[in-house]
file run28.tsv (TSV, C-alpha atoms and all ligand atoms)
chain	number	residue	atom	x	y	z
A	28	MET	CA	-12.02	9.14	-23.85
A	29	THR	CA	-10.63	10.33	-20.50
A	30	PRO	CA	-9.67	7.36	-18.35
A	31	VAL	CA	-11.47	7.08	-15.03
A	32	VAL	CA	-8.12	6.44	-13.35
A	33	LYS	CA	-4.73	7.38	-14.75
A	34	VAL	CA	-1.56	6.70	-12.79
A	35	ASP	CA	1.44	8.50	-14.19
A	36	SER	CA	5.09	7.70	-13.32
A	37	LEU	CA	4.22	6.89	-9.71
A	38	ASN	CA	6.89	6.23	-7.12
A	39	LYS	CA	6.47	5.56	-3.44
A	40	THR	CA	9.14	5.27	-0.81
A	41	TYR	CA	8.07	4.97	2.82
A	42	THR	CA	10.25	7.12	5.00
A	43	GLY	CA	11.37	6.13	8.47
A	44	LYS	CA	14.63	5.14	10.05
A	45	LEU	CA	15.39	3.45	6.75
A	46	PRO	CA	13.63	4.38	3.49
A	47	VAL	CA	11.51	1.56	2.04
A	48	PRO	CA	11.14	1.95	-1.73
A	49	VAL	CA	7.95	0.15	-2.80
A	50	LEU	CA	6.56	1.48	-6.09
A	51	HIS	CA	8.76	2.32	-9.05
A	52	ASP	CA	7.47	4.13	-12.11
A	53	ILE	CA	3.94	2.75	-12.10
A	54	ASN	CA	1.82	3.70	-15.11
A	55	LEU	CA	-1.77	2.57	-15.40
A	56	GLU	CA	-5.02	3.56	-17.08
A	57	ILE	CA	-8.45	2.28	-16.18
A	58	GLY	CA	-11.35	3.10	-18.51
A	59	PRO	CA	-15.05	3.52	-17.78
A	60	SER	CA	-16.75	0.24	-16.79
A	61	GLU	CA	-13.42	-1.56	-16.79
A	62	MET	CA	-12.89	-4.00	-13.92
A	63	VAL	CA	-9.31	-4.46	-12.81
A	64	ALA	CA	-7.78	-6.87	-10.33
A	65	LEU	CA	-4.45	-5.94	-8.82
A	66	VAL	CA	-2.50	-9.13	-8.12
A	67	GLY	CA	0.98	-9.86	-6.91
A	68	PRO	CA	2.95	-11.47	-4.10
A	69	SER	CA	2.68	-10.28	-0.53
A	70	GLY	CA	4.75	-7.13	-0.09
A	71	ALA	CA	4.64	-6.22	-3.79
A	72	GLY	CA	2.88	-2.94	-3.01
A	73	LYS	CA	-0.78	-3.62	-3.89
A	74	THR	CA	-2.18	-1.94	-0.79
A	75	THR	CA	0.28	0.91	-1.16
A	76	LEU	CA	-0.90	1.54	-4.73
A	77	LEU	CA	-4.59	1.26	-3.82
A	78	ASN	CA	-4.12	3.63	-0.89
A	79	ILE	CA	-2.49	6.19	-3.17
A	80	ILE	CA	-5.14	5.83	-5.91
A	81	SER	CA	-7.91	6.16	-3.34
A	82	THR	CA	-6.19	9.26	-1.84
A	83	LEU	CA	-5.63	7.67	1.58
A	84	ASP	CA	-1.88	8.05	1.06
A	85	THR	CA	0.32	10.28	-1.09
A	86	PRO	CA	2.91	9.36	-3.71
A	87	THR	CA	6.57	10.30	-3.37
A	88	GLU	CA	6.57	11.21	-7.06
A	89	GLY	CA	4.08	11.02	-9.90
A	90	LYS	CA	0.42	11.72	-10.39
A	91	VAL	CA	-2.98	10.11	-9.97
A	92	LEU	CA	-5.71	11.54	-12.17
A	93	ILE	CA	-9.28	10.55	-11.45
A	94	ARG	CA	-11.57	11.64	-14.28
A	95	GLY	CA	-8.84	14.11	-15.20
A	96	THR	CA	-8.44	15.60	-11.71
A	97	ASP	CA	-4.93	15.51	-10.27
A	98	VAL	CA	-6.14	14.38	-6.86
A	99	HIS	CA	-2.90	14.84	-4.94
A	100	GLN	CA	-2.82	18.51	-5.93
A	101	LEU	CA	-6.16	19.24	-4.28
A	102	SER	CA	-6.37	21.08	-0.98
A	103	GLN	CA	-7.69	19.07	1.97
A	104	ARG	CA	-11.05	20.77	1.64
A	105	GLU	CA	-11.24	20.10	-2.11
A	106	LEU	CA	-10.11	16.53	-1.55
A	107	ASN	CA	-12.85	15.94	1.03
A	108	ARG	CA	-15.44	17.15	-1.47
A	109	PHE	CA	-13.89	15.12	-4.27
A	110	ARG	CA	-13.87	11.93	-2.21
A	111	ARG	CA	-17.46	12.46	-1.22
A	112	GLY	CA	-18.57	12.83	-4.83
A	113	HIS	CA	-16.33	10.41	-6.71
A	114	LEU	CA	-14.77	7.72	-4.57
A	115	GLY	CA	-16.03	4.66	-2.79
A	116	CYS	CA	-13.89	2.14	-0.95
A	117	ILE	CA	-14.79	-1.30	0.26
A	118	PHE	CA	-12.21	-2.27	2.85
A	119	GLN	CA	-11.10	-5.77	3.72
A	120	ASP	CA	-12.63	-5.30	7.18
A	121	ASP	CA	-16.24	-4.23	6.87
A	122	LEU	CA	-15.63	-0.99	8.82
A	123	LEU	CA	-19.34	-0.54	9.42
A	124	LEU	CA	-20.43	1.71	12.27
A	125	ASP	CA	-21.79	-0.64	14.92
A	126	HIS	CA	-24.39	1.74	16.26
A	127	LEU	CA	-26.04	2.15	12.85
A	128	THR	CA	-28.18	-0.36	11.00
A	129	ALA	CA	-26.89	-1.79	7.71
A	130	LEU	CA	-29.31	0.54	5.90
A	131	ASP	CA	-28.05	3.61	7.77
A	132	ASN	CA	-24.46	2.59	7.06
A	133	VAL	CA	-25.26	2.41	3.34
A	134	MET	CA	-27.06	5.74	3.41
A	135	LEU	CA	-24.48	7.59	5.49
A	136	PRO	CA	-22.34	9.00	2.63
A	137	GLY	CA	-25.44	10.40	0.95
A	138	ARG	CA	-26.51	11.98	4.21
A	139	ILE	CA	-23.09	13.53	4.70
A	140	ALA	CA	-23.29	14.91	1.18
A	141	ARG	CA	-26.63	16.42	2.20
A	142	ARG	CA	-28.15	14.91	-0.86
A	143	ARG	CA	-31.76	14.04	-0.71
A	144	ALA	CA	-32.02	10.33	-0.16
A	145	LYS	CA	-33.04	9.56	-3.69
A	146	GLY	CA	-34.83	6.29	-4.16
A	147	ARG	CA	-35.12	5.35	-0.54
A	148	GLU	CA	-36.58	2.05	-1.62
A	149	GLY	CA	-33.42	1.31	-3.60
A	150	CYS	CA	-31.33	2.13	-0.53
A	151	GLN	CA	-33.51	-0.07	1.63
A	152	GLU	CA	-33.06	-2.89	-0.82
A	153	LYS	CA	-29.27	-2.36	-0.81
A	154	GLY	CA	-29.31	-2.29	2.98
A	155	ARG	CA	-31.29	-5.51	3.11
A	156	ILE	CA	-28.89	-7.23	0.69
A	157	GLN	CA	-25.89	-5.97	2.65
A	158	GLN	CA	-27.40	-7.18	5.93
A	159	GLU	CA	-28.04	-10.62	4.41
A	160	SER	CA	-24.47	-10.76	3.07
A	161	ILE	CA	-23.05	-9.89	6.47
A	162	CYS	CA	-25.20	-12.57	8.13
A	163	ARG	CA	-24.08	-15.12	5.51
A	164	CYS	CA	-20.40	-14.19	6.08
A	165	ARG	CA	-20.84	-14.49	9.85
A	166	ARG	CA	-22.55	-17.88	9.50
A	167	HIS	CA	-19.81	-19.00	7.12
A	168	SER	CA	-17.01	-17.96	9.49
A	169	GLU	CA	-18.80	-19.51	12.49
A	170	ASN	CA	-19.09	-22.82	10.66
A	171	ALA	CA	-15.51	-22.73	9.34
A	201	LIG	N1	3.80	2.42	6.57
A	201	LIG	C1	4.83	1.71	6.09
A	201	LIG	N2	6.10	2.02	6.42
A	201	LIG	C2	7.15	1.31	5.93
A	201	LIG	N3	7.02	0.26	5.09
A	201	LIG	C3	5.76	-0.09	4.73
A	201	LIG	C4	4.61	0.61	5.21
A	201	LIG	N4	3.51	0.03	4.68
A	201	LIG	C5	3.96	-0.98	3.91
A	201	LIG	N5	5.29	-1.06	3.93
A	201	LIG	C6	6.14	-1.99	3.20
A	201	LIG	O1	5.89	-1.78	1.82
A	201	LIG	C7	5.90	-2.99	1.11
A	201	LIG	C8	4.60	-3.14	0.35
A	201	LIG	O2	3.55	-3.30	1.30
A	201	LIG	P1	2.04	-3.47	0.84
A	201	LIG	O3	1.25	-3.58	2.10
A	201	LIG	O4	1.66	-2.38	-0.10
A	201	LIG	O5	2.10	-4.85	0.05
A	201	LIG	P2	0.89	-5.79	-0.46
A	201	LIG	O6	1.21	-6.14	-1.89
A	201	LIG	O7	-0.41	-5.11	-0.21
A	201	LIG	O8	1.06	-7.06	0.47
A	201	LIG	P3	-0.09	-8.09	0.98
A	201	LIG	O9	-0.42	-8.98	-0.21
A	201	LIG	O10	0.60	-8.86	2.06
A	201	LIG	O11	-1.27	-7.31	1.47
A	201	LIG	C9	6.18	-4.10	2.13
A	201	LIG	O12	7.56	-4.36	2.10
A	201	LIG	C10	5.78	-3.45	3.44
A	201	LIG	O13	6.52	-3.99	4.51
A	202	MG	MG	-2.12	-5.60	0.96
call {"tool": "encode", "arguments": {"input": "run28.tsv", "output": "C-alpha cells"}}
result
Amino acid sequence: MTPVVKVDSLNKTYTGKLPVPVLHDINLEIGPSEMVALVGPSGAGKTTLLNIISTLDTPTEGKVLIRGTDVHQLSQRELNRFRRGHLGCIFQDDLLLDHLTALDNVMLPGRIARRRAKGREGCQEKGRIQQESICRCRRHSENA
C-alpha cells in the first residue's frame, strides 16, 4: 500500500552567513490512519522536518512523497492545488482570521476550493466545537 507520507534521504541545511546543517538522511514512512508524534530535544529539527513535509519549506536534498506525489517537484501552481486538496495544518498559534467567525474560519478552505459546502450542518457543528475549544483555552490561560 502506498504510504500517505514517505520521506526519502532528506537533508536540510539552512543557508546564511554560516550554513546550519539540521536534518541528515531522514527516512520515514507514514501509512493510512497512522498517528505519529515527532519528539526530540529543542533544536533537533522537528519544526524543520514538519515544515518540509507540509511543503512550507524545501529540502536541500531528498524527497517528500505525499500519496506518491513528489511534492517538491510540483510547480507553484500545482503545489497550491495540491495543498488545497490534500494538506491541512494546525499551527501552534491558532492563526484564525479575526474578522471571521469560528465557523467561517473552518469553512474557508472549502470556499477557496469552490467546493459546495457539503454538509453545512456538519461544518456548523465543527465550528461550534472549535469555538467552545477556543473559549475553554482562553478561560484556562486566563486562570493560569
Ligand atoms: N531559518 C533558519 N535559519 C537558520 N537556522 C535555523 C532556521 N530555523 C531553524 N534553524 C536552526 O535549526 C535547528 C533546528 O530548529 P527547529 O526549529 O527545526 O528545531 P525544533 O526541534 O523544532 O526545536 P523546538 O523544540 O525548540 O521547537 C536549530 O538549531 C535552529 O536554530
Ligand atoms: Mg519546533
call {"tool": "closest_residue", "arguments": {"input": "run28.tsv", "among": "A:Gly72, A:Pro30, A:Gly137, A:Pro59", "to": "ligand LIG 201 (chain A)", "atoms": "only C-alpha atoms and all ligand atoms"}}
result
A:Gly72
call {"tool": "atom_distance", "arguments": {"input": "run28.tsv", "atom1": "atom P3 of ligand LIG 201 (chain A)", "atom2": "CA of Gln103 in chain A"}}
result
28.2 Å
call {"tool": "closest_residue", "arguments": {"input": "run28.tsv", "among": "A:Gly58, A:Gly70, A:Pro46, A:Gly115", "to": "Thr87 in chain A", "atoms": "only C-alpha atoms"}}
result
A:Pro46
call {"tool": "closest_residue", "arguments": {"input": "run28.tsv", "among": "A:Leu77, A:Ala64, A:Asp35, A:Val98", "to": "ligand LIG 201 (chain A)", "atoms": "only C-alpha atoms and all ligand atoms"}}
result
A:Leu77
call {"tool": "atom_distance", "arguments": {"input": "run28.tsv", "atom1": "CA of Leu76 in chain A", "atom2": "CA of Leu124 in chain A"}}
result
25.9 Å
call {"tool": "closest_residue", "arguments": {"input": "run28.tsv", "among": "A:Lys73, A:His126, A:Lys39, A:His113", "to": "Thr96 in chain A", "atoms": "all atoms listed in the file"}}
result
A:His113
call {"tool": "closest_residue", "arguments": {"input": "run28.tsv", "among": "A:Ser36, A:Gln119, A:Asn54, A:Gln100", "to": "Thr85 in chain A", "atoms": "only C-alpha atoms"}}
result
A:Gln100
call {"tool": "residues_near_ligand", "arguments": {"input": "run28.tsv", "ligand": "ligand LIG 201 (chain A)", "cutoff": "8 Å", "atoms": "all atoms listed in the file", "output": "MDAnalysis selection string"}}
result
chainID A and resid 41:43 46:49 66:76
call {"tool": "closest_residue", "arguments": {"input": "run28.tsv", "among": "A:Val31, A:Cys162, A:Leu65, A:Ile57", "to": "ligand MG 202 (chain A)", "atoms": "all atoms listed in the file"}}
result
A:Leu65
call {"tool": "axis_aligned_box", "arguments": {"input": "run28.tsv", "around": "range 54-58 of chain A", "padding_each_side": "8 Å", "output": "lines of an AutoDock Vina configuration file"}}
result
center_x = -4.8
center_y = 3.0
center_z = -16.8
size_x = 29.2
size_y = 17.4
size_z = 19.4
call {"tool": "decode", "arguments": {"input": "run28.tsv", "residues": "range 62-103 of chain A", "atoms": "C-alpha atoms", "output": "compact mmCIF listing (two decimals), in the first residue's frame"}}
result
# COMPACT_ATOMS: atom_id res chain seq x y z
CA MET A 62 -0.78 8.66 14.02
CA VAL A 63 2.79 9.76 14.53
CA ALA A 64 4.33 12.03 17.14
CA LEU A 65 7.63 13.66 16.30
CA VAL A 66 9.61 14.09 19.52
CA GLY A 67 13.10 15.27 20.31
CA PRO A 68 15.05 17.95 22.15
CA SER A 69 14.73 21.61 21.30
CA GLY A 70 16.74 22.36 18.17
CA ALA A 71 16.66 18.76 16.92
CA GLY A 72 14.84 19.82 13.76
CA LYS A 73 11.20 18.84 14.40
CA THR A 74 9.74 22.06 13.04
CA THR A 75 12.17 21.99 10.13
CA LEU A 76 11.01 18.47 9.19
CA LEU A 77 7.32 19.30 9.60
CA ASN A 78 7.72 22.45 7.51
CA ILE A 79 9.34 20.43 4.73
CA ILE A 80 6.73 17.64 4.87
CA SER A 81 3.92 20.20 4.81
CA THR A 82 5.57 22.00 1.84
CA LEU A 83 6.12 25.26 3.74
CA ASP A 84 9.88 24.83 3.26
CA THR A 85 12.06 22.92 0.81
CA PRO A 86 14.70 20.27 1.44
CA THR A 87 18.34 20.74 0.49
CA GLU A 88 18.36 17.14 -0.76
CA GLY A 89 15.91 14.27 -0.80
CA LYS A 90 12.25 13.80 -1.49
CA VAL A 91 8.87 14.03 0.20
CA LEU A 92 6.15 11.93 -1.39
CA ILE A 93 2.58 12.51 -0.29
CA ARG A 94 0.31 9.76 -1.60
CA GLY A 95 3.01 9.11 -4.19
CA THR A 96 3.35 12.73 -5.36
CA ASP A 97 6.84 14.19 -5.18
CA VAL A 98 5.61 17.47 -3.72
CA HIS A 99 8.82 19.46 -4.04
CA GLN A 100 8.86 18.83 -7.79
CA LEU A 101 5.48 20.49 -8.32
CA SER A 102 5.21 23.95 -9.84
CA GLN A 103 3.89 26.68 -7.54
